[in-house]
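protein.cif follows (mmCIF, C-alpha atoms):
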data_protein
#
loop_
_atom_site.label_atom_id
_atom_site.label_comp_id
_atom_site.auth_asym_id
_atom_site.auth_seq_id
_atom_site.Cartn_x
_atom_site.Cartn_y
_atom_site.Cartn_z
CA MET A 1 -76.93 26.49 105.50
CA ALA A 2 -79.14 23.84 103.91
CA GLU A 3 -79.80 25.68 100.67
CA ALA A 4 -80.94 23.47 97.85
CA LEU A 5 -79.09 25.57 95.29
CA PHE A 6 -75.62 24.27 95.93
CA SER A 7 -76.63 20.80 94.87
CA TYR A 8 -77.21 22.20 91.37
CA LEU A 9 -73.63 23.23 90.82
CA SER A 10 -72.13 21.90 87.61
CA ASP A 11 -69.22 19.49 87.57
CA ASP A 12 -66.69 22.05 86.43
CA ILE A 13 -67.67 24.46 89.19
CA LEU A 14 -67.34 21.68 91.78
CA VAL A 15 -63.96 20.74 90.36
CA SER A 16 -62.85 24.39 90.57
CA ILE A 17 -63.91 24.54 94.22
CA PHE A 18 -62.11 21.30 95.06
CA SER A 19 -58.96 22.50 93.35
CA LYS A 20 -58.80 25.38 95.83
CA LEU A 21 -58.22 22.94 98.67
CA ASP A 22 -54.70 22.21 99.75
CA GLY A 23 -53.55 19.35 97.55
CA SER A 24 -50.96 18.16 100.04
CA ASP A 25 -53.51 17.42 102.75
CA PRO A 26 -54.87 13.94 102.07
CA ARG A 27 -57.85 14.42 104.35
CA HIS A 28 -59.64 16.49 101.72
CA ARG A 29 -59.70 13.69 99.20
CA ALA A 30 -60.73 11.16 101.84
CA VAL A 31 -63.59 13.35 103.07
CA LEU A 32 -64.85 14.55 99.69
CA SER A 33 -64.76 11.08 98.12
CA SER A 34 -67.00 9.84 100.92
CA VAL A 35 -69.57 12.66 100.71
CA CYS A 36 -71.35 11.20 97.67
CA THR A 37 -70.70 9.10 94.58
CA ARG A 38 -70.75 12.21 92.37
CA PHE A 39 -67.86 13.82 94.30
CA CYS A 40 -66.06 10.48 94.35
CA SER A 41 -66.20 10.04 90.58
CA LEU A 42 -65.23 13.70 89.96
CA LEU A 43 -62.15 13.24 92.12
CA ARG A 44 -61.21 10.05 90.33
CA GLN A 45 -61.57 11.75 86.96
CA HIS A 46 -59.51 14.72 88.06
CA HIS A 47 -57.11 12.86 90.29
CA ARG A 48 -54.30 15.29 89.65
CA LEU A 49 -56.32 18.05 91.26
CA LEU A 50 -55.89 17.09 94.81
CA LEU A 51 -52.99 15.33 96.36
CA PRO A 52 -49.95 14.65 94.23
CA LEU A 53 -49.98 11.04 95.55
CA PRO A 54 -46.39 10.33 94.53
CA PRO A 55 -46.75 6.58 94.37
CA SER A 56 -50.07 6.43 92.57
CA HIS A 57 -48.72 6.60 89.05
CA HIS A 58 -46.68 3.50 89.81
CA PHE A 59 -49.79 1.46 90.48
CA PRO A 60 -51.98 1.89 87.42
CA ASN A 61 -53.78 -1.44 87.43
CA ASP A 62 -52.84 -2.76 90.81
CA SER A 63 -55.86 -4.10 92.67
CA THR A 64 -53.92 -4.51 95.91
CA ASN A 65 -52.87 -0.86 95.84
CA THR A 66 -56.00 1.01 94.91
CA PRO A 67 -56.15 4.80 95.23
CA GLU A 68 -58.02 4.30 98.50
CA ILE A 69 -55.24 2.20 100.00
CA LEU A 70 -52.57 4.61 98.80
CA LEU A 71 -54.54 7.45 100.31
CA LYS A 72 -54.82 5.62 103.61
CA LEU A 73 -51.06 5.13 103.65
CA HIS A 74 -50.61 8.88 103.66
CA PHE A 75 -52.41 9.63 106.88
CA CYS A 76 -53.15 6.40 108.71
CA CYS A 77 -50.69 5.34 111.37
CA PRO A 78 -50.62 1.54 111.62
CA GLY A 79 -50.54 1.61 115.43
CA LEU A 80 -48.16 -0.07 117.86
CA LEU A 81 -49.55 -3.54 117.11
CA HIS A 82 -49.16 -3.55 113.33
CA ALA A 83 -45.81 -1.76 113.60
CA GLY A 84 -44.58 -4.66 115.70
CA VAL A 85 -43.90 -2.64 118.84
CA VAL A 86 -46.31 -4.68 120.92
CA SER A 87 -47.80 -8.09 120.30
CA GLU A 88 -51.43 -9.06 120.74
CA SER A 89 -50.70 -11.47 123.56
CA GLY A 90 -48.51 -8.98 125.35
CA PHE A 91 -46.13 -11.78 126.32
CA GLY A 92 -44.01 -14.23 124.43
CA SER A 93 -40.44 -14.77 123.46
CA GLU A 94 -40.74 -12.53 120.42
CA ASP A 95 -41.99 -9.58 122.39
CA PRO A 96 -39.02 -7.78 123.91
CA ILE A 97 -41.22 -5.42 125.93
CA GLY A 98 -43.27 -8.21 127.45
CA LYS A 99 -46.11 -6.15 128.91
CA ARG A 100 -49.87 -6.33 128.50
CA ARG A 101 -51.51 -3.36 126.83
CA LYS A 102 -55.01 -2.36 125.92
CA LEU A 103 -55.55 -3.27 122.27
CA CYS A 104 -57.69 -0.25 121.55
CA ASN A 105 -54.60 1.99 121.82
CA GLN A 106 -52.60 -0.14 119.46
CA LYS A 107 -54.75 -0.18 116.32
CA GLU A 108 -54.57 2.13 113.33
CA HIS A 109 -55.46 5.80 113.80
CA LEU A 110 -54.97 9.20 112.23
CA ALA A 111 -51.24 9.84 112.16
CA SER A 112 -49.61 12.84 113.75
CA GLY A 113 -46.66 14.33 111.91
CA VAL A 114 -46.31 14.87 108.19
CA TRP A 115 -48.65 13.14 105.77
CA SER A 116 -46.44 12.89 102.73
CA LEU A 117 -44.57 9.84 101.52
CA SER A 118 -41.16 10.09 99.94
CA ARG A 119 -38.84 7.76 98.13
CA GLU A 120 -35.87 9.42 99.79
CA GLN A 121 -37.07 8.32 103.20
CA GLY A 122 -37.53 4.80 101.86
CA SER A 123 -34.02 4.59 100.48
CA LYS A 124 -32.61 5.75 103.83
CA LEU A 125 -34.23 2.73 105.44
CA LEU A 126 -33.05 -0.02 103.10
CA ALA A 127 -29.62 -1.65 103.03
CA ARG A 128 -27.39 -0.67 100.12
CA GLN A 129 -27.93 -3.79 98.05
CA PHE A 130 -31.63 -2.89 97.85
CA ARG A 131 -31.10 0.65 96.65
CA ASP A 132 -32.76 -0.11 93.31
CA ASP A 133 -35.99 -1.12 94.99
CA CYS A 134 -38.52 1.66 95.12
CA LEU A 135 -39.90 2.17 98.61
CA TYR A 136 -41.99 5.15 99.70
CA ILE A 137 -42.05 5.88 103.43
CA CYS A 138 -43.76 8.70 105.26
CA ASP A 139 -41.51 11.61 106.05
CA TRP A 140 -39.81 12.12 109.40
CA PRO A 141 -40.87 12.32 112.24
CA GLY A 142 -43.71 9.84 111.67
CA CYS A 143 -46.44 9.39 114.25
CA LEU A 144 -45.05 9.90 117.73
CA HIS A 145 -45.97 7.44 120.44
CA LEU A 146 -44.62 8.13 123.91
CA GLU A 147 -44.25 4.86 125.74
CA GLU A 148 -42.79 4.13 129.15
CA LYS A 149 -39.43 2.92 127.98
CA ARG A 150 -38.87 5.11 124.97
CA LYS A 151 -40.41 7.16 122.19
CA TYR A 152 -41.56 5.32 119.08
CA ARG A 153 -41.97 7.17 115.82
CA LEU A 154 -44.24 5.00 113.76
CA PHE A 155 -43.96 5.07 110.01
CA ARG A 156 -45.75 3.44 107.11
CA GLY A 157 -45.06 3.07 103.43
CA VAL A 158 -45.30 0.94 100.33
CA PHE A 159 -42.98 -0.78 97.86
CA VAL A 160 -43.57 -0.26 94.15
CA ASP A 161 -43.90 -3.61 92.32
CA PHE A 162 -43.11 -5.47 95.50
CA LYS A 163 -42.98 -8.91 93.92
CA GLU A 164 -40.28 -7.69 91.51
CA THR A 165 -38.05 -6.28 94.23
CA ARG A 166 -34.79 -7.64 95.59
CA VAL A 167 -36.29 -7.37 99.06
CA TRP A 168 -38.97 -9.86 98.08
CA LYS A 169 -36.36 -12.23 96.67
CA ALA A 170 -34.33 -11.91 99.86
CA LEU A 171 -37.38 -12.62 102.02
CA ASN A 172 -38.21 -15.71 100.04
CA ASP A 173 -34.70 -16.99 99.89
CA GLY A 174 -34.95 -20.70 100.72
CA LYS A 175 -33.52 -21.61 104.09
CA ASN A 176 -34.73 -19.08 106.62
CA LYS A 177 -37.98 -18.11 104.98
CA VAL A 178 -40.22 -19.28 107.80
CA LYS A 179 -38.23 -17.49 110.52
CA ARG A 180 -38.71 -14.13 108.85
CA LYS A 181 -42.47 -14.31 109.01
CA VAL A 182 -43.97 -12.62 112.03
CA ASP A 183 -47.39 -12.02 113.41
CA VAL A 184 -48.16 -8.34 113.78
CA GLY A 185 -51.88 -8.80 113.65
CA GLY A 186 -52.04 -8.52 109.90
CA CYS A 187 -51.49 -5.52 107.68
CA ALA A 188 -53.13 -2.23 108.68
CA PHE A 189 -53.73 -1.36 105.04
CA CYS A 190 -54.97 -4.52 103.33
CA LYS A 191 -56.29 -7.97 104.11
CA SER A 192 -52.88 -9.59 104.13
CA GLU A 193 -52.50 -11.61 107.30
CA GLU A 194 -48.81 -12.29 107.24
CA SER A 195 -45.89 -9.96 107.55
CA TRP A 196 -42.17 -10.28 107.07
CA ASP A 197 -39.58 -8.86 109.41
CA LEU A 198 -37.27 -6.71 107.32
CA HIS A 199 -34.78 -6.28 110.16
CA SER A 200 -34.08 -9.95 110.71
CA ALA A 201 -33.94 -10.48 106.94
CA PHE A 202 -31.08 -7.95 106.79
CA CYS A 203 -32.98 -5.66 104.47
CA LEU A 204 -32.51 -2.61 106.66
CA ARG A 205 -29.31 -0.62 106.95
CA ARG A 206 -26.65 -2.25 109.12
CA VAL A 207 -26.07 0.96 111.02
CA PHE A 208 -29.39 0.53 112.84
CA GLY A 209 -28.31 -1.45 115.85
CA PHE A 210 -30.01 -2.44 119.07
CA HIS A 211 -30.81 -0.82 122.37
CA ASP A 212 -29.38 -2.28 125.58
CA ASP A 213 -32.58 -4.16 126.26
CA GLY A 214 -32.39 -5.90 122.90
CA GLU A 215 -34.95 -3.80 121.07
CA PRO A 216 -33.96 -2.82 117.54
CA VAL A 217 -33.41 0.88 116.92
CA VAL A 218 -35.50 0.58 113.75
CA ARG A 219 -37.98 -2.13 113.00
CA ALA A 220 -40.01 -2.61 109.86
CA PHE A 221 -42.48 -5.18 108.68
CA VAL A 222 -43.83 -5.70 105.18
CA CYS A 223 -46.92 -7.60 104.10
CA ASP A 224 -47.29 -9.68 100.93
CA ASN A 225 -48.61 -6.63 99.09
CA GLY A 226 -45.62 -4.46 99.92
CA HIS A 227 -47.20 -2.34 102.66
CA VAL A 228 -44.62 -1.41 105.26
CA SER A 229 -45.26 -0.59 108.92
CA GLY A 230 -42.51 0.14 111.37
CA ALA A 231 -41.04 2.33 114.05
CA TRP A 232 -37.99 4.49 114.52
CA THR A 233 -36.58 5.03 117.98
CA ASP A 234 -33.99 7.54 119.08
CA VAL A 235 -30.42 6.36 118.63
CA PRO A 236 -28.66 5.81 121.97
CA MET A 237 -26.22 8.59 122.88
CA TYR A 238 -23.46 6.12 123.58
CA SER A 239 -22.67 2.87 121.79
CA MET B 1 -54.24 56.27 67.27
CA THR B 2 -56.90 53.71 66.40
CA GLN B 3 -54.61 52.22 63.76
CA LEU B 4 -51.96 51.37 66.30
CA ASP B 5 -51.93 47.96 67.92
CA ARG B 6 -53.88 48.45 71.07
CA LEU B 7 -51.81 46.06 73.12
CA SER B 8 -48.48 47.68 72.37
CA VAL B 9 -49.91 51.11 73.14
CA TYR B 10 -51.20 49.69 76.40
CA HIS B 11 -47.76 48.43 77.33
CA TRP B 12 -46.12 51.73 76.41
CA LEU B 13 -48.64 53.66 78.42
CA ASN B 14 -48.30 51.24 81.30
CA ALA B 15 -44.58 51.85 81.44
CA TRP B 16 -44.81 55.65 81.26
CA CYS B 17 -48.09 56.57 82.89
CA ILE B 18 -46.75 58.30 85.92
CA LYS B 19 -47.89 61.71 87.01
CA PRO B 20 -47.04 63.54 90.21
CA VAL B 21 -50.01 64.31 92.43
CA GLY B 22 -49.35 66.29 95.60
CA GLY B 23 -45.77 65.10 95.83
CA ALA B 24 -46.57 61.42 95.36
CA LEU B 25 -46.25 59.61 92.05
CA VAL B 26 -49.54 58.15 90.92
CA ARG B 27 -50.17 55.71 88.13
CA GLN B 28 -52.97 56.81 85.89
CA GLU B 29 -55.10 54.11 84.33
CA PRO B 30 -53.68 53.53 80.85
CA GLU B 31 -57.12 52.89 79.38
CA TYR B 32 -58.30 56.31 80.48
CA ILE B 33 -55.22 57.96 79.04
CA LEU B 34 -55.77 56.10 75.80
CA LEU B 35 -59.35 57.27 75.62
CA ALA B 36 -58.39 60.80 76.58
CA LEU B 37 -55.77 60.85 73.83
CA MET B 38 -58.36 59.58 71.41
CA GLY B 39 -60.49 62.49 72.44
CA SER B 40 -63.61 60.52 73.45
CA PRO B 41 -65.36 60.61 76.81
CA LEU B 42 -65.48 57.47 78.90
CA LYS B 43 -67.69 55.12 76.96
CA LYS B 44 -70.62 53.57 78.69
CA ILE B 45 -72.47 50.38 77.86
CA MET B 46 -75.95 49.24 78.83
CA LEU B 47 -76.57 45.98 80.64
CA CYS B 48 -80.13 44.69 80.95
CA SER B 49 -81.06 42.42 83.84
CA SER B 50 -83.61 39.57 83.72
CA GLU B 51 -86.09 42.01 85.26
CA LYS B 52 -85.55 44.35 82.28
CA GLU B 53 -83.81 46.96 84.38
CA ILE B 54 -81.06 48.86 82.52
CA PHE B 55 -77.70 49.51 84.13
CA SER B 56 -75.26 51.94 82.57
CA VAL B 57 -71.63 51.14 83.28
CA GLU B 58 -68.24 52.21 81.99
CA GLU B 59 -67.25 50.04 79.07
CA GLN B 60 -63.69 49.69 80.29
CA VAL B 61 -64.80 48.42 83.66
CA MET B 62 -66.77 45.53 82.17
CA VAL B 63 -64.31 44.83 79.36
CA GLN B 64 -61.53 44.47 81.90
CA HIS B 65 -63.37 41.91 83.98
CA SER B 66 -65.86 40.02 81.84
CA VAL B 67 -64.53 37.86 79.02
CA ILE B 68 -68.02 37.60 77.53
CA ILE B 69 -68.56 41.37 77.40
CA ASN B 70 -65.02 41.95 76.19
CA ASN B 71 -65.61 39.56 73.29
CA MET B 72 -68.88 41.27 72.37
CA ILE B 73 -67.22 44.69 72.25
CA GLU B 74 -64.17 43.44 70.37
CA ASP B 75 -66.07 41.57 67.68
CA GLY B 76 -68.25 44.60 67.10
CA SER B 77 -71.55 42.93 67.91
CA TYR B 78 -72.32 45.66 70.42
CA ASN B 79 -73.51 48.94 68.92
CA HIS B 80 -73.00 51.78 71.40
CA GLU B 81 -75.81 53.91 70.02
CA GLU B 82 -78.58 51.38 70.15
CA SER B 83 -77.67 48.21 71.95
CA LYS B 84 -78.06 46.94 75.38
CA ILE B 85 -76.62 43.63 76.46
CA PRO B 86 -79.43 41.37 77.71
CA LEU B 87 -78.43 39.26 80.70
CA ASP B 88 -81.51 37.11 81.11
CA CYS B 89 -80.06 34.88 83.78
CA VAL B 90 -78.90 37.68 86.07
CA ASP B 91 -81.42 39.52 88.23
CA SER B 92 -81.12 43.22 89.06
CA LYS B 93 -79.87 42.74 92.60
CA THR B 94 -77.07 40.42 91.46
CA LEU B 95 -76.18 42.50 88.43
CA LYS B 96 -75.80 45.58 90.58
CA LYS B 97 -73.43 43.68 92.86
CA VAL B 98 -71.42 42.38 89.91
CA ILE B 99 -71.08 45.90 88.54
CA ASP B 100 -70.01 47.13 91.99
CA TYR B 101 -67.31 44.47 92.11
CA CYS B 102 -65.93 45.23 88.68
CA THR B 103 -66.05 49.00 89.22
CA HIS B 104 -64.31 48.81 92.58
CA HIS B 105 -61.57 46.54 91.28
CA THR B 106 -60.94 48.78 88.26
CA HIS B 107 -60.79 52.02 90.21
CA HIS B 108 -58.97 50.59 93.21
CA HIS B 109 -56.56 48.12 91.66
CA ASN B 110 -53.63 50.10 93.03
CA ASP B 111 -54.87 49.76 96.59
CA ASN B 112 -52.84 47.56 98.88
CA GLN B 113 -53.69 43.88 99.06
CA GLU B 114 -55.09 44.02 102.59
CA ASP B 115 -57.60 46.72 101.74
CA LEU B 116 -58.75 44.89 98.62
CA GLU B 117 -59.16 41.66 100.56
CA ALA B 118 -61.15 43.42 103.27
CA TRP B 119 -63.42 44.92 100.65
CA ASP B 120 -63.87 41.52 99.00
CA ALA B 121 -64.74 39.91 102.33
CA GLN B 122 -67.36 42.56 102.98
CA PHE B 123 -68.63 42.20 99.41
CA LEU B 124 -69.16 38.47 99.86
CA ASN B 125 -70.89 38.84 103.19
CA VAL B 126 -74.14 37.56 101.74
CA ASP B 127 -76.43 34.60 102.39
CA SER B 128 -76.14 31.30 100.49
CA ASN B 129 -78.77 32.37 97.94
CA GLY B 130 -76.87 35.56 97.22
CA LEU B 131 -73.60 33.68 96.96
CA TYR B 132 -75.12 31.16 94.56
CA ASP B 133 -76.57 33.95 92.37
CA LEU B 134 -73.21 35.74 92.27
CA LEU B 135 -71.49 32.51 91.33
CA MET B 136 -73.90 31.88 88.47
CA ALA B 137 -73.53 35.46 87.21
CA ALA B 138 -69.72 35.42 87.44
CA ASN B 139 -69.67 32.06 85.66
CA TYR B 140 -71.97 33.30 82.90
CA LEU B 141 -70.07 36.54 82.39
CA GLU B 142 -66.73 34.77 82.84
CA ILE B 143 -65.37 37.14 85.46
CA ARG B 144 -62.27 35.20 86.46
CA ASN B 145 -61.23 36.99 89.64
CA LEU B 146 -64.77 37.07 91.04
CA LEU B 147 -65.14 33.36 90.28
CA ASP B 148 -61.88 32.57 92.07
CA LEU B 149 -63.01 34.61 95.03
CA ILE B 150 -66.30 32.75 95.27
CA TYR B 151 -64.64 29.35 94.80
CA GLY B 152 -62.34 30.24 97.67
CA THR B 153 -65.29 31.23 99.86
CA ILE B 154 -67.13 27.97 99.21
CA LYS B 155 -63.91 26.05 99.76
CA ASN B 156 -63.65 27.67 103.19
CA MET B 157 -67.21 26.62 103.93
CA ILE B 158 -66.34 22.95 103.40
CA LYS B 159 -62.70 22.83 104.48
CA GLY B 160 -62.21 20.84 107.65
CA LYS B 161 -65.88 19.94 107.88
CA LYS B 162 -67.06 16.44 108.49
CA ILE B 163 -68.78 14.42 105.79
CA ASP B 164 -72.24 14.78 107.33
CA GLU B 165 -71.81 18.55 107.55
CA ILE B 166 -70.74 18.83 103.92
CA ARG B 167 -73.79 16.82 102.92
CA ARG B 168 -75.94 19.39 104.75
CA ILE B 169 -74.16 22.33 103.12
CA PHE B 170 -74.72 20.90 99.65
CA ASN B 171 -78.13 19.54 100.58
CA ILE B 172 -77.15 16.07 99.46
CA LYS B 173 -80.02 13.86 100.49
CA ASP B 174 -78.98 10.78 98.54
CA HIS B 175 -75.24 10.21 98.65
CA GLY B 176 -75.47 7.33 96.16
CA PHE B 177 -73.45 4.78 98.14
CA THR B 178 -75.00 1.39 98.89
CA PRO B 179 -75.65 0.73 102.60
CA GLU B 180 -72.66 -1.62 102.59
CA GLU B 181 -70.37 0.97 101.01
CA GLU B 182 -71.53 3.65 103.43
CA GLU B 183 -70.94 1.34 106.37
CA GLN B 184 -67.50 0.45 105.04
CA ASN B 185 -66.60 4.13 104.63
CA ARG B 186 -67.75 4.91 108.17
CA LYS B 187 -65.62 2.07 109.49
CA GLU B 188 -62.62 3.14 107.46
CA TYR B 189 -62.71 6.81 108.42
CA PRO B 190 -64.79 7.17 111.56
CA HIS B 191 -63.04 10.43 112.45
CA PHE B 192 -64.35 12.06 109.28
CA TYR B 193 -68.04 11.54 109.96
#
Go ahead and render the structure in this file as structure tokens.
Amino acid sequence: MAEALFSYLSDDILVSIFSKLDGSDPRHRAVLSSVCTRFCSLLRQHHRLLLPLPPSHHFPNDSTNTPEILLKLHFCCPGLLHAGVVSESGFGSEDPIGKRRKLCNQKEHLASGVWSLSREQGSKLLARQFRDDCLYICDWPGCLHLEEKRKYRLFRGVFVDFKETRVWKALNDGKNKVKRKVDVGGCAFCKSEESWDLHSAFCLRRVFGFHDDGEPVVRAFVCDNGHVSGAWTDVPMYS
Amino acid sequence: MTQLDRLSVYHWLNAWCIKPVGGALVRQEPEYILLALMGSPLKKIMLCSSEKEIFSVEEQVMVQHSVIINNMIEDGSYNHEESKIPLDCVDSKTLKKVIDYCTHHTHHHNDNQEDLEAWDAQFLNVDSNGLYDLLMAANYLEIRNLLDLIYGTIKNMIKGKKIDEIRRIFNIKDHGFTPEEEEQNRKEYPHFY
């Protein structure tokens, strides 16, 4: 297969070949951009070719939401740690599960489920007063994690213009600011070390209640750059 | 007949070119009917490979598939009595294959999709050198459907492959990333290497 000839293909032929790949599968862009700098710059030039990337046009000059980070959001599951399902210590008053786990299973990995993000899914998550904020979340069913107690469907997403959102204002609202910050081992998508608990800040829909053991039905955490990691669980059959 | 707008005649013929053959209705190629009505035999043109070998092929076959050849015929730069079209960047072996492709697709365009696809798959069952030569020829002659077919084949060669494998396929010895960038990429997407 190692024929020298294919390295002589012109840019427009390469672009034509790339455009034959399924644009909705984000792996292609991730793989091809990493093959060589030539492929990488071709894909940047012709970014509409592969992968519609619904949020990308919202982030034209955003250094905290580069195309690479947005791409990662499509197919990288944040893992049980960053989604706040387990804590690094395994114990502690903030960890309702309270069990030790091997960290290597909790970090980010290739997500199962659908790899598209949608605004619709984001607006289903947020409480009504935040309906004007633009949040993209991966489509249902997220990345399925079967744990002893219950199933967790991990999701990830991103706010557009996070610092302009009502969610951000609510999180920074004077009195209880410190209590809303949590440690989920940093953001899976950027260098941000702190995260905010959207559930305890009443940013999520009221209808998401709690399980009998005190675990929230839906949890979500957002970092300073607007990257969201969280988990859905199945709603209890009885209230 | 030659005064009439060729395109509108084509459409008229397309709509009405039905003749019964052995009980089944068969569409006759409108171009052939047009030529038959004009009273001329099927015109042939001469293509000359880089090895100076001459290939005679039906004009309509090449005009239908190659934008370059179609333009040459339309603008009158090709003289049927004397000219041959020199294709200096296409060798005989590749030119013969290109002619085969165009001829088959002209004469068999009413075949069902499965049969055409099977034929195409067999047609492209060549080594990388052959595939590259066909790609260059199809690109030069601007044969859209052959180009698409080859793009699809190369796409299938790289689809789902890991980064190191794609580098081998394209013989990319120097990927251009700094050692730090390469290390960062490998850390970021270990499952893709």
So which residues touch Tyr152 (chain A) within 10 Å, counting only C-alpha atoms, skipping near sequence neighbours fewer than 6 positions away, as number ranges by chain? A: 80, 83, 85, 141-146, 217-218, 230-234
Distance query region 38-47 of chain A at most 10 Å, all atoms listed in the file, self and fewer than 6 positions along chain excluded, as a list in words: Asp11, Asp12, Leu14, Val15, Phe18, Ser19, Arg29, Ala30, Val31, Leu32, Leu53, Ser56 and Pro67 of chain A; His175, Gly176 and Phe177 of chain B
Tell me which protein, DNA and RNA residues are within 9 Å of region 121-137 of chain A, counting only C-alpha atoms, leaving out same-chain ones fewer than 6 positions away, and put them as a PyMOL selection string. chain A and resi 54-55+155-162+164-167+198+202-206+218+226+228
Sorted by chain and rising residue number, which residues of chain A lie within 8 Å of chain B, and what are their closest atom pairs and distances in Å to one decimal, counting all atoms listed in the file, as a tab-separated table?
residue	atom	partner	partner_atom	distance
A:Met1	CA	B:Ile169	CA	5.5
A:Ala2	CA	B:Ile169	CA	5.3
A:Glu3	CA	B:Asn171	CA	6.4
A:Ala4	CA	B:Asn171	CA	5.5
A:Leu5	CA	B:Tyr132	CA	6.9
A:Phe6	CA	B:Phe170	CA	5.1
A:Ser7	CA	B:Phe170	CA	5.1
A:Ser16	CA	B:Tyr151	CA	6.8
A:Ile17	CA	B:Tyr151	CA	4.9
A:Phe18	CA	B:Lys155	CA	6.9
A:Lys20	CA	B:Gly152	CA	6.3
A:Leu21	CA	B:Lys155	CA	6.6
A:His28	CA	B:Lys159	CA	7.6
A:Val31	CA	B:Ile163	CA	6.0
A:Leu32	CA	B:Ile163	CA	7.3
A:Ser34	CA	B:Asn185	CA	6.8
A:Val35	CA	B:Ile163	CA	5.4
A:Cys36	CA	B:His175	CA	4.1
A:Thr37	CA	B:Gly176	CA	5.3
A:Arg38	CA	B:Gly176	CA	7.8
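With CA of Asp22 (chain A) on one side and CA of Val67 (chain B) on the other, the separation reads 27.8 Å.
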May I ask which of the residues B:Leu141, B:Leu146, B:Ala118, B:Val126 is the closest one to Val63 (chain B), counting all atoms listed in the file?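 Under the stated criterion, the closest residue is B:Leu141.
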May I have the protein, DNA and RNA residues with any atom at most 6 Å from the point (-49.9, -3.8, 103.6), counting all atoms listed in the file, written as a compact mmCIF listing (two decimals) with C-alpha atoms, in the frame of the given file?
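The new file selection18.txt reads:
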# COMPACT_ATOMS: atom_id res chain seq x y z
CA CYS A 187 -51.49 -5.52 107.68
CA PHE A 189 -53.73 -1.36 105.04
CA CYS A 190 -54.97 -4.52 103.33
CA CYS A 223 -46.92 -7.60 104.10
CA ASN A 225 -48.61 -6.63 99.09
CA GLY A 226 -45.62 -4.46 99.92
CA HIS A 227 -47.20 -2.34 102.66
Residues matched by the PyMOL selection byres ((chain B and resi 120) around 10), written as a count of residues only: 17
Would you pick out the contacts of Thr103 (chain B) at 10 Å or less, using all atoms listed in the file, so that residues sharing its chain but fewer than 2 positions from it are not included, and give the list as a ChimeraX atom specification? /B:57-58,60-62,64-65,97-101,105-109
Quick one, how far is CA of Val86 (chain A) from CA of Thr66 (chain A)?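 Result for CA of Val86 (chain A) versus CA of Thr66 (chain A): 28.3 Å, one decimal.
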Counting only C-alpha atoms, which residue out of A:Ser10, A:Trp140, A:Ala188, A:Asp197 sits closest to Leu73 (chain A)?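 Selected residue with least distance to Leu73 (chain A): A:Ala188.
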So the first atom is CA of Asn71 (chain B) and the second is CA of Ser50 (chain B); what is the distance between them in Å, to one decimal place? 20.8 Å
Apply the PyMOL selection byres ((chain A and resi 117) around 7) to the structure shown and report the selected residues as JSON, numbers by chain. {"A": [74, 115, 116, 118, 119, 136, 137, 138, 139]}
Selection: 10 Å around Pro86 (chain B), only C-alpha atoms, excl. self and same-chain fewer than 5 positions, as a PyMOL selection string: chain B and resi 46-50+52-54
Store the residues picked out above in a file with C-alpha atoms, as an mmCIF file, in the coordinates of the input.
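And here's out-v2.cif as it stands now:
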data_model
loop_
_atom_site.group_PDB
_atom_site.id
_atom_site.type_symbol
_atom_site.label_atom_id
_atom_site.label_comp_id
_atom_site.auth_asym_id
_atom_site.auth_seq_id
_atom_site.Cartn_x
_atom_site.Cartn_y
_atom_site.Cartn_z
ATOM 1 C CA MET B 46 -75.950 49.240 78.830
ATOM 2 C CA LEU B 47 -76.570 45.980 80.640
ATOM 3 C CA CYS B 48 -80.130 44.690 80.950
ATOM 4 C CA SER B 49 -81.060 42.420 83.840
ATOM 5 C CA SER B 50 -83.610 39.570 83.720
ATOM 6 C CA LYS B 52 -85.550 44.350 82.280
ATOM 7 C CA GLU B 53 -83.810 46.960 84.380
ATOM 8 C CA ILE B 54 -81.060 48.860 82.520
#
